[in-house]
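Below is coords00.pdb, which holds PDB, C-alpha atoms.
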```pdb
ATOM      1  CA  MET U   1    -126.731   4.562 -43.282
ATOM      2  CA  ASN U   2    -123.162   3.325 -42.818
ATOM      3  CA  ARG U   3    -121.409   4.072 -39.552
ATOM      4  CA  CYS U   4    -117.996   3.234 -38.157
ATOM      5  CA  LYS U   5    -117.781  -0.477 -37.385
ATOM      6  CA  TRP U   6    -117.222   0.005 -33.655
ATOM      7  CA  VAL U   7    -120.728   1.403 -33.108
ATOM      8  CA  ASN U   8    -123.043  -0.983 -31.274
ATOM      9  CA  MET U   9    -126.171  -0.593 -33.384
ATOM     10  CA  LYS U  10    -128.293  -1.939 -30.514
ATOM     11  CA  ASN U  11    -127.348   0.968 -28.228
ATOM     12  CA  PRO U  12    -129.101   4.270 -29.058
ATOM     13  CA  ILE U  13    -126.772   6.178 -26.698
ATOM     14  CA  TYR U  14    -123.747   4.913 -28.610
ATOM     15  CA  ILE U  15    -125.315   5.649 -32.001
ATOM     16  CA  LYS U  16    -126.178   9.199 -30.929
ATOM     17  CA  TYR U  17    -122.645   9.725 -29.567
ATOM     18  CA  HIS U  18    -121.122   8.537 -32.853
ATOM     19  CA  ASP U  19    -123.482  10.575 -35.020
ATOM     20  CA  GLU U  20    -123.483  13.824 -33.067
ATOM     21  CA  GLU U  21    -120.346  14.057 -30.924
ATOM     22  CA  TRP U  22    -117.450  11.787 -31.848
ATOM     23  CA  CYS U  23    -114.704  13.578 -33.792
ATOM     24  CA  GLU U  24    -116.611  16.861 -33.755
ATOM     25  CA  PRO U  25    -114.238  19.733 -32.838
ATOM     26  CA  LYS U  26    -114.943  21.025 -29.347
ATOM     27  CA  HIS U  27    -113.647  24.237 -27.842
ATOM     28  CA  ASN U  28    -115.791  24.735 -24.753
ATOM     29  CA  ASP U  29    -113.664  24.161 -21.639
ATOM     30  CA  LYS U  30    -116.580  22.632 -19.701
ATOM     31  CA  GLU U  31    -117.178  20.075 -22.449
ATOM     32  CA  LEU U  32    -113.443  19.394 -22.794
ATOM     33  CA  TYR U  33    -113.260  18.879 -19.033
ATOM     34  CA  GLU U  34    -116.204  16.489 -18.861
ATOM     35  CA  LEU U  35    -114.805  14.337 -21.641
ATOM     36  CA  LEU U  36    -111.328  14.234 -20.077
ATOM     37  CA  ILE U  37    -112.766  13.050 -16.765
ATOM     38  CA  LEU U  38    -114.990  10.484 -18.479
ATOM     39  CA  GLU U  39    -112.123   9.216 -20.646
ATOM     40  CA  SER U  40    -109.994   8.710 -17.537
ATOM     41  CA  PHE U  41    -112.683   6.368 -16.194
ATOM     42  CA  GLN U  42    -112.460   4.348 -19.411
ATOM     43  CA  ALA U  43    -109.019   2.945 -18.543
ATOM     44  CA  GLY U  44    -109.410  -0.837 -18.657
ATOM     45  CA  LEU U  45    -113.067  -0.593 -19.659
ATOM     46  CA  SER U  46    -115.000   0.138 -22.827
ATOM     47  CA  TRP U  47    -116.064   3.621 -23.822
ATOM     48  CA  GLU U  48    -119.574   2.252 -24.235
ATOM     49  CA  CYS U  49    -119.614   1.306 -20.541
ATOM     50  CA  VAL U  50    -118.599   4.848 -19.542
ATOM     51  CA  LEU U  51    -120.972   6.475 -22.008
ATOM     52  CA  ASN U  52    -123.885   4.452 -20.648
ATOM     53  CA  LYS U  53    -123.147   5.938 -17.209
ATOM     54  CA  ARG U  54    -122.602   9.497 -18.453
ATOM     55  CA  GLU U  55    -125.820  10.940 -17.021
ATOM     56  CA  ALA U  56    -125.108   9.329 -13.659
ATOM     57  CA  PHE U  57    -121.594  10.816 -13.737
ATOM     58  CA  ARG U  58    -123.032  14.247 -14.520
ATOM     59  CA  LYS U  59    -125.321  14.010 -11.517
ATOM     60  CA  ALA U  60    -122.628  12.605  -9.211
ATOM     61  CA  TYR U  61    -120.031  15.180 -10.324
ATOM     62  CA  ASP U  62    -122.255  18.250  -9.969
ATOM     63  CA  ASN U  63    -122.721  18.479 -13.742
ATOM     64  CA  PHE U  64    -118.934  18.614 -14.061
ATOM     65  CA  ASP U  65    -118.682  21.985 -12.368
ATOM     66  CA  ILE U  66    -114.907  22.079 -11.983
ATOM     67  CA  ASP U  67    -115.016  24.638  -9.170
ATOM     68  CA  LYS U  68    -117.120  22.222  -7.127
ATOM     69  CA  VAL U  69    -115.110  19.122  -8.063
ATOM     70  CA  ILE U  70    -111.763  20.627  -7.009
ATOM     71  CA  MET U  71    -113.288  21.202  -3.561
ATOM     72  CA  TYR U  72    -114.447  17.606  -3.068
ATOM     73  CA  ASP U  73    -113.499  16.309   0.352
ATOM     74  CA  GLU U  74    -113.444  12.889   2.010
ATOM     75  CA  SER U  75    -117.208  12.982   2.501
ATOM     76  CA  LYS U  76    -117.832  13.591  -1.213
ATOM     77  CA  PHE U  77    -115.250  10.950  -2.100
ATOM     78  CA  ASN U  78    -117.151   8.437   0.067
ATOM     79  CA  GLU U  79    -120.401   9.459  -1.604
ATOM     80  CA  LEU U  80    -118.846   8.806  -5.032
ATOM     81  CA  ILE U  81    -117.266   5.496  -4.058
ATOM     82  CA  ASN U  82    -120.668   4.315  -2.822
ATOM     83  CA  ASN U  83    -122.597   5.515  -5.875
ATOM     84  CA  LYS U  84    -123.657   2.318  -7.657
ATOM     85  CA  ASP U  85    -124.566   4.254 -10.815
ATOM     86  CA  ILE U  86    -120.997   5.290 -11.672
ATOM     87  CA  ILE U  87    -117.678   3.457 -11.958
ATOM     88  CA  ARG U  88    -116.567   3.050  -8.347
ATOM     89  CA  ASN U  89    -112.841   2.667  -8.711
ATOM     90  CA  LYS U  90    -111.104   4.380  -5.775
ATOM     91  CA  LEU U  91    -107.985   5.291  -7.748
ATOM     92  CA  LYS U  92    -109.973   6.710 -10.668
ATOM     93  CA  ILE U  93    -112.192   8.763  -8.376
ATOM     94  CA  LYS U  94    -109.202  10.166  -6.475
ATOM     95  CA  SER U  95    -107.488  10.873  -9.795
ATOM     96  CA  SER U  96    -110.559  12.622 -11.163
ATOM     97  CA  ILE U  97    -110.424  15.111  -8.297
ATOM     98  CA  ASN U  98    -106.669  15.559  -8.599
ATOM     99  CA  ASN U  99    -106.845  15.825 -12.402
ATOM    100  CA  SER U 100    -109.505  18.516 -12.010
ATOM    101  CA  LYS U 101    -107.095  20.642  -9.981
ATOM    102  CA  ILE U 102    -104.398  20.203 -12.626
ATOM    103  CA  TYR U 103    -106.907  20.980 -15.396
ATOM    104  CA  LYS U 104    -107.719  24.219 -13.534
ATOM    105  CA  SER U 105    -104.015  25.094 -13.305
ATOM    106  CA  ILE U 106    -103.618  24.511 -17.060
ATOM    107  CA  GLN U 107    -106.565  26.855 -17.649
ATOM    108  CA  LYS U 108    -104.816  29.528 -15.599
ATOM    109  CA  GLU U 109    -101.501  28.978 -17.373
ATOM    110  CA  TYR U 110    -102.908  29.066 -20.920
ATOM    111  CA  GLY U 111    -106.045  31.167 -20.459
ATOM    112  CA  SER U 112    -108.159  28.097 -21.265
ATOM    113  CA  PHE U 113    -107.726  24.364 -21.569
ATOM    114  CA  ASP U 114    -108.904  24.756 -25.160
ATOM    115  CA  LYS U 115    -105.823  26.866 -26.003
ATOM    116  CA  TYR U 116    -103.588  24.298 -24.335
ATOM    117  CA  ILE U 117    -104.965  21.164 -25.989
ATOM    118  CA  TRP U 118    -105.430  22.612 -29.479
ATOM    119  CA  SER U 119    -101.934  24.169 -29.421
ATOM    120  CA  PHE U 120    -100.482  20.702 -29.964
ATOM    121  CA  THR U 121    -101.846  20.727 -33.548
ATOM    122  CA  ASN U 122    -101.824  24.484 -34.177
ATOM    123  CA  ASN U 123    -105.642  24.360 -34.046
ATOM    124  CA  LYS U 124    -105.835  21.852 -36.885
ATOM    125  CA  VAL U 125    -107.914  18.681 -37.079
ATOM    126  CA  LEU U 126    -105.941  15.570 -37.993
ATOM    127  CA  TYR U 127    -107.580  12.924 -40.168
ATOM    128  CA  LEU U 128    -106.245   9.543 -39.103
ATOM    129  CA  ASP U 129    -107.128   5.896 -39.492
ATOM    130  CA  TYR U 130    -109.633   4.800 -36.867
ATOM    131  CA  ASP U 131    -107.843   1.500 -36.256
ATOM    132  CA  ILE U 132    -104.895   3.001 -34.368
ATOM    133  CA  THR U 133    -105.021   3.635 -30.636
ATOM    134  CA  SER U 134    -102.060   5.950 -30.072
ATOM    135  CA  ASN U 135     -99.520   8.032 -31.948
ATOM    136  CA  GLU U 136     -96.743  10.569 -31.381
ATOM    137  CA  LEU U 137     -99.281  13.286 -30.591
ATOM    138  CA  SER U 138    -101.080  11.265 -27.908
ATOM    139  CA  ASP U 139     -97.677  10.208 -26.535
ATOM    140  CA  LYS U 140     -96.588  13.855 -26.264
ATOM    141  CA  ILE U 141     -99.791  15.090 -24.618
ATOM    142  CA  SER U 142     -99.931  12.107 -22.269
ATOM    143  CA  LYS U 143     -96.338  12.705 -21.136
ATOM    144  CA  ASP U 144     -97.057  16.393 -20.542
ATOM    145  CA  LEU U 145    -100.201  15.697 -18.506
ATOM    146  CA  ILE U 146     -98.442  12.999 -16.468
ATOM    147  CA  LYS U 147     -95.521  15.361 -15.863
ATOM    148  CA  ARG U 148     -98.041  17.877 -14.516
ATOM    149  CA  GLY U 149     -99.351  15.183 -12.128
ATOM    150  CA  MET U 150    -102.419  13.774 -13.883
ATOM    151  CA  ARG U 151    -103.226  10.068 -13.704
ATOM    152  CA  PHE U 152    -105.203   7.722 -15.970
ATOM    153  CA  VAL U 153    -104.115   9.779 -18.969
ATOM    154  CA  GLY U 154    -101.929   7.262 -20.784
ATOM    155  CA  THR U 155    -101.386   7.540 -24.507
ATOM    156  CA  THR U 156    -104.334   5.281 -25.439
ATOM    157  CA  ILE U 157    -106.738   7.247 -23.219
ATOM    158  CA  ILE U 158    -105.437  10.519 -24.635
ATOM    159  CA  TYR U 159    -105.762   9.260 -28.206
ATOM    160  CA  SER U 160    -109.379   8.365 -27.481
ATOM    161  CA  TYR U 161    -109.852  11.793 -25.864
ATOM    162  CA  LEU U 162    -108.434  13.525 -28.946
ATOM    163  CA  GLN U 163    -110.990  11.665 -31.049
ATOM    164  CA  ALA U 164    -113.774  12.571 -28.602
ATOM    165  CA  ILE U 165    -112.954  16.289 -28.806
ATOM    166  CA  GLY U 166    -112.379  16.334 -32.555
ATOM    167  CA  ILE U 167    -108.649  17.005 -32.725
ATOM    168  CA  ILE U 168    -108.402  13.619 -34.384
ATOM    169  CA  ASN U 169    -111.101  12.669 -36.865
ATOM    170  CA  SER U 170    -111.104   8.925 -37.348
ATOM    171  CA  HIS U 171    -114.432   8.287 -39.031
ATOM    172  CA  HIS U 172    -113.997   5.452 -41.491
ATOM    173  CA  LYS U 173    -114.201   6.506 -45.121
ATOM    174  CA  ASP U 174    -117.288   4.286 -45.557
ATOM    175  CA  CYS U 175    -119.036   5.978 -42.613
ATOM    176  CA  PHE U 176    -121.570   8.676 -43.458
ATOM    177  CA  LYS U 177    -119.425  11.062 -41.360
ATOM    178  CA  GLY U 178    -116.190   9.977 -43.032
ATOM    179  CA  VAL U 179    -114.077  12.298 -45.099
ATOM    180  CA  ARG U 180    -114.711  11.722 -48.770
TER
END
```
Conversion result in structure tokens:
Amino acid sequence: MNRCKWVNMKNPIYIKYHDEEWCEPKHNDKELYELLILESFQAGLSWECVLNKREAFRKAYDNFDIDKVIMYDESKFNELINNKDIIRNKLKIKSSINNSKIYKSIQKEYGSFDKYIWSFTNNKVLYLDYDITSNELSDKISKDLIKRGMRFVGTTIIYSYLQAIGIINSHHKDCFKGVR
């Protein structure tokens, strides 16, 4: 079975992610939230590295319960920074808590984060070449999120996020999930 070339065929977690999640449209705010937080930890690293730590992140971040994360204090921050099973970057951890608060405010403003993020494409999936890492759409969303105060949401991270949540479908045409 042909898959996109970026898939590490020696990593079952990566294969499963490619086959079952990547570029699949998502509309559940909890799932959208988890992926946004995880993508922000990718900055400067590989997605495979983050994905391999996903279960540890879920445990450390109270299964991505946003109402708990927005209440994290210095004690919880210290617990996270000392958790050897996740990515222990102080700026990314602080940003994850801050970004959670902004995510929550976007939910209040739009009724859901889903309505916000999908409004940029009028609820349409875009089929784009998998070799690009940013475009006008990711630029626009990144600028809006940064303007709102989020960090680690540059255009490349947002492009990757849009692929993760299925707004952008970038499966290669030779991939079994590719558009024929």
Q. Which of these residues is nearest to Ile168 of chain U, using all atoms listed in the file: U:Lys124, U:Lys84, U:His27, U:Arg148?
A.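 With all atoms listed in the file as the atom set, the closest residue is U:Lys124.
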Q. Can you list what the PyMOL selection byres ((chain U and resi 150) around 8) grabs from this structure, as a list in words?
A.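 This file gives the following for the PyMOL selection byres ((chain U and resi 150) around 8): Ser95, Asn98, Asn99, Ile102, Leu145, Ile146, Lys147, Arg148, Gly149, Arg151, Phe152 and Val153 of chain U.
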Q) Selected by the PyMOL selection byres ((chain U and resi 65) around 12) in the shown coordinates: which residues, as a list in words? A) Asp29, Lys30, Glu31, Leu32, Tyr33, Glu34, Ile37, Phe57, Arg58, Lys59, Ala60, Tyr61, Asp62, Asn63, Phe64, Ile66, Asp67, Lys68, Val69, Ile70, Met71, Tyr72, Ile97, Ser100, Lys101 and Lys104 of chain U
Could the residues in this selection be written to a file with C-alpha atoms, as a PDB file, keeping the file's coordinate frame?
```
ATOM      1  CA  ASP U  29    -113.664  24.161 -21.639  1.00  0.00           C
ATOM      2  CA  LYS U  30    -116.580  22.632 -19.701  1.00  0.00           C
ATOM      3  CA  GLU U  31    -117.178  20.075 -22.449  1.00  0.00           C
ATOM      4  CA  LEU U  32    -113.443  19.394 -22.794  1.00  0.00           C
ATOM      5  CA  TYR U  33    -113.260  18.879 -19.033  1.00  0.00           C
ATOM      6  CA  GLU U  34    -116.204  16.489 -18.861  1.00  0.00           C
ATOM      7  CA  ILE U  37    -112.766  13.050 -16.765  1.00  0.00           C
ATOM      8  CA  PHE U  57    -121.594  10.816 -13.737  1.00  0.00           C
ATOM      9  CA  ARG U  58    -123.032  14.247 -14.520  1.00  0.00           C
ATOM     10  CA  LYS U  59    -125.321  14.010 -11.517  1.00  0.00           C
ATOM     11  CA  ALA U  60    -122.628  12.605  -9.211  1.00  0.00           C
ATOM     12  CA  TYR U  61    -120.031  15.180 -10.324  1.00  0.00           C
ATOM     13  CA  ASP U  62    -122.255  18.250  -9.969  1.00  0.00           C
ATOM     14  CA  ASN U  63    -122.721  18.479 -13.742  1.00  0.00           C
ATOM     15  CA  PHE U  64    -118.934  18.614 -14.061  1.00  0.00           C
ATOM     16  CA  ILE U  66    -114.907  22.079 -11.983  1.00  0.00           C
ATOM     17  CA  ASP U  67    -115.016  24.638  -9.170  1.00  0.00           C
ATOM     18  CA  LYS U  68    -117.120  22.222  -7.127  1.00  0.00           C
ATOM     19  CA  VAL U  69    -115.110  19.122  -8.063  1.00  0.00           C
ATOM     20  CA  ILE U  70    -111.763  20.627  -7.009  1.00  0.00           C
ATOM     21  CA  MET U  71    -113.288  21.202  -3.561  1.00  0.00           C
ATOM     22  CA  TYR U  72    -114.447  17.606  -3.068  1.00  0.00           C
ATOM     23  CA  ILE U  97    -110.424  15.111  -8.297  1.00  0.00           C
ATOM     24  CA  SER U 100    -109.505  18.516 -12.010  1.00  0.00           C
ATOM     25  CA  LYS U 101    -107.095  20.642  -9.981  1.00  0.00           C
ATOM     26  CA  LYS U 104    -107.719  24.219 -13.534  1.00  0.00           C
TER      27      LYS U 104
END
```
Q.
With 10 Å as the threshold, what does the neighbourhood of (-122.8, 4.9, -10.2) contain in terms of residues, counting only C-alpha atoms? Coordinates are those of the file; answer as a ChimeraX atom specification.
A. /U:53-57,59-60,80-88
Q: Taking the file as shown, find all residues satisfying the PyMOL selection byres ((chain U and resi 154-162) around 9) and write them as a ChimeraX atom specification.
A: /U:23,32,35-36,39-40,42-43,47,117,132-143,145-146,151-153,163-169
Q: For atom CA of Ser75 of chain U and atom CA of Lys92 of chain U, determine how far apart the two atoms are, in Å to one decimal place.
A: 16.3 Å
Q.
If we count only C-alpha atoms and set the cut-off at 9 Å, which residues sit around Phe176 of chain U, ignoring sequence neighbours fewer than 3 positions away in its own chain? Please answer as an NGL selection string.
A. :U and (1-4 or 19 or 171-173 or 179)
Mind writing the picked residues with C-alpha atoms as a PDB file, in the frame of the given file?
```pdb
ATOM      1  CA  MET U   1    -126.731   4.562 -43.282  1.00  0.00           C
ATOM      2  CA  ASN U   2    -123.162   3.325 -42.818  1.00  0.00           C
ATOM      3  CA  ARG U   3    -121.409   4.072 -39.552  1.00  0.00           C
ATOM      4  CA  CYS U   4    -117.996   3.234 -38.157  1.00  0.00           C
ATOM      5  CA  ASP U  19    -123.482  10.575 -35.020  1.00  0.00           C
ATOM      6  CA  HIS U 171    -114.432   8.287 -39.031  1.00  0.00           C
ATOM      7  CA  HIS U 172    -113.997   5.452 -41.491  1.00  0.00           C
ATOM      8  CA  LYS U 173    -114.201   6.506 -45.121  1.00  0.00           C
ATOM      9  CA  VAL U 179    -114.077  12.298 -45.099  1.00  0.00           C
TER      10      VAL U 179
END
```
Please rebuild segment 107-130 of chain U with N, CA and C atoms and give the result as a PDB file, keeping the file's coordinate frame.
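Below you can see part30.pdb, which holds the result:
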```pdb
ATOM      1  N   GLN U 107    -105.716  25.744 -17.213  1.00  0.00           N
ATOM      2  CA  GLN U 107    -106.565  26.855 -17.649  1.00  0.00           C
ATOM      3  C   GLN U 107    -105.939  28.193 -17.272  1.00  0.00           C
ATOM      4  N   LYS U 108    -105.442  28.277 -16.056  1.00  0.00           N
ATOM      5  CA  LYS U 108    -104.816  29.528 -15.599  1.00  0.00           C
ATOM      6  C   LYS U 108    -103.551  29.822 -16.397  1.00  0.00           C
ATOM      7  N   GLU U 109    -102.755  28.799 -16.644  1.00  0.00           N
ATOM      8  CA  GLU U 109    -101.501  28.978 -17.373  1.00  0.00           C
ATOM      9  C   GLU U 109    -101.724  29.408 -18.825  1.00  0.00           C
ATOM     10  N   TYR U 110    -102.693  28.824 -19.492  1.00  0.00           N
ATOM     11  CA  TYR U 110    -102.908  29.066 -20.920  1.00  0.00           C
ATOM     12  C   TYR U 110    -104.070  30.008 -21.230  1.00  0.00           C
ATOM     13  N   GLY U 111    -104.852  30.357 -20.226  1.00  0.00           N
ATOM     14  CA  GLY U 111    -106.045  31.167 -20.459  1.00  0.00           C
ATOM     15  C   GLY U 111    -107.280  30.307 -20.666  1.00  0.00           C
ATOM     16  N   SER U 112    -107.083  29.088 -21.121  1.00  0.00           N
ATOM     17  CA  SER U 112    -108.159  28.097 -21.265  1.00  0.00           C
ATOM     18  C   SER U 112    -107.509  26.750 -21.553  1.00  0.00           C
ATOM     19  N   PHE U 113    -108.228  25.692 -21.216  1.00  0.00           N
ATOM     20  CA  PHE U 113    -107.726  24.364 -21.569  1.00  0.00           C
ATOM     21  C   PHE U 113    -107.777  24.190 -23.078  1.00  0.00           C
ATOM     22  N   ASP U 114    -108.762  24.791 -23.702  1.00  0.00           N
ATOM     23  CA  ASP U 114    -108.904  24.756 -25.160  1.00  0.00           C
ATOM     24  C   ASP U 114    -107.608  25.225 -25.842  1.00  0.00           C
ATOM     25  N   LYS U 115    -107.074  26.348 -25.398  1.00  0.00           N
ATOM     26  CA  LYS U 115    -105.823  26.866 -26.003  1.00  0.00           C
ATOM     27  C   LYS U 115    -104.685  25.878 -25.809  1.00  0.00           C
ATOM     28  N   TYR U 116    -104.630  25.274 -24.623  1.00  0.00           N
ATOM     29  CA  TYR U 116    -103.588  24.298 -24.335  1.00  0.00           C
ATOM     30  C   TYR U 116    -103.686  23.092 -25.268  1.00  0.00           C
ATOM     31  N   ILE U 117    -104.851  22.439 -25.282  1.00  0.00           N
ATOM     32  CA  ILE U 117    -104.965  21.164 -25.989  1.00  0.00           C
ATOM     33  C   ILE U 117    -104.878  21.338 -27.500  1.00  0.00           C
ATOM     34  N   TRP U 118    -105.469  22.393 -28.030  1.00  0.00           N
ATOM     35  CA  TRP U 118    -105.430  22.612 -29.479  1.00  0.00           C
ATOM     36  C   TRP U 118    -104.080  23.153 -29.945  1.00  0.00           C
ATOM     37  N   SER U 119    -103.258  23.661 -29.025  1.00  0.00           N
ATOM     38  CA  SER U 119    -101.934  24.169 -29.421  1.00  0.00           C
ATOM     39  C   SER U 119    -101.034  23.054 -29.943  1.00  0.00           C
ATOM     40  N   PHE U 120    -101.325  21.823 -29.534  1.00  0.00           N
ATOM     41  CA  PHE U 120    -100.482  20.702 -29.964  1.00  0.00           C
ATOM     42  C   PHE U 120    -100.594  20.432 -31.468  1.00  0.00           C
ATOM     43  N   THR U 121    -101.676  20.911 -32.090  1.00  0.00           N
ATOM     44  CA  THR U 121    -101.846  20.727 -33.548  1.00  0.00           C
ATOM     45  C   THR U 121    -102.010  22.061 -34.269  1.00  0.00           C
ATOM     46  N   ASN U 122    -101.636  23.150 -33.593  1.00  0.00           N
ATOM     47  CA  ASN U 122    -101.824  24.484 -34.177  1.00  0.00           C
ATOM     48  C   ASN U 122    -103.265  24.682 -34.633  1.00  0.00           C
ATOM     49  N   ASN U 123    -104.196  24.216 -33.808  1.00  0.00           N
ATOM     50  CA  ASN U 123    -105.642  24.360 -34.046  1.00  0.00           C
ATOM     51  C   ASN U 123    -106.141  23.633 -35.281  1.00  0.00           C
ATOM     52  N   LYS U 124    -105.424  22.621 -35.708  1.00  0.00           N
ATOM     53  CA  LYS U 124    -105.835  21.852 -36.885  1.00  0.00           C
ATOM     54  C   LYS U 124    -106.380  20.483 -36.483  1.00  0.00           C
ATOM     55  N   VAL U 125    -107.371  20.030 -37.242  1.00  0.00           N
ATOM     56  CA  VAL U 125    -107.914  18.681 -37.079  1.00  0.00           C
ATOM     57  C   VAL U 125    -107.042  17.735 -37.886  1.00  0.00           C
ATOM     58  N   LEU U 126    -106.723  16.591 -37.297  1.00  0.00           N
ATOM     59  CA  LEU U 126    -105.941  15.570 -37.993  1.00  0.00           C
ATOM     60  C   LEU U 126    -106.885  14.452 -38.421  1.00  0.00           C
ATOM     61  N   TYR U 127    -106.752  14.011 -39.643  1.00  0.00           N
ATOM     62  CA  TYR U 127    -107.580  12.924 -40.168  1.00  0.00           C
ATOM     63  C   TYR U 127    -106.734  11.666 -40.192  1.00  0.00           C
ATOM     64  N   LEU U 128    -107.066  10.737 -39.280  1.00  0.00           N
ATOM     65  CA  LEU U 128    -106.245   9.543 -39.103  1.00  0.00           C
ATOM     66  C   LEU U 128    -107.103   8.286 -39.131  1.00  0.00           C
ATOM     67  N   ASP U 129    -106.470   7.197 -39.445  1.00  0.00           N
ATOM     68  CA  ASP U 129    -107.128   5.896 -39.492  1.00  0.00           C
ATOM     69  C   ASP U 129    -107.740   5.569 -38.131  1.00  0.00           C
ATOM     70  N   TYR U 130    -108.954   5.074 -38.131  1.00  0.00           N
ATOM     71  CA  TYR U 130    -109.633   4.800 -36.867  1.00  0.00           C
ATOM     72  C   TYR U 130    -109.138   3.529 -36.191  1.00  0.00           C
TER      73      TYR U 130
END
```
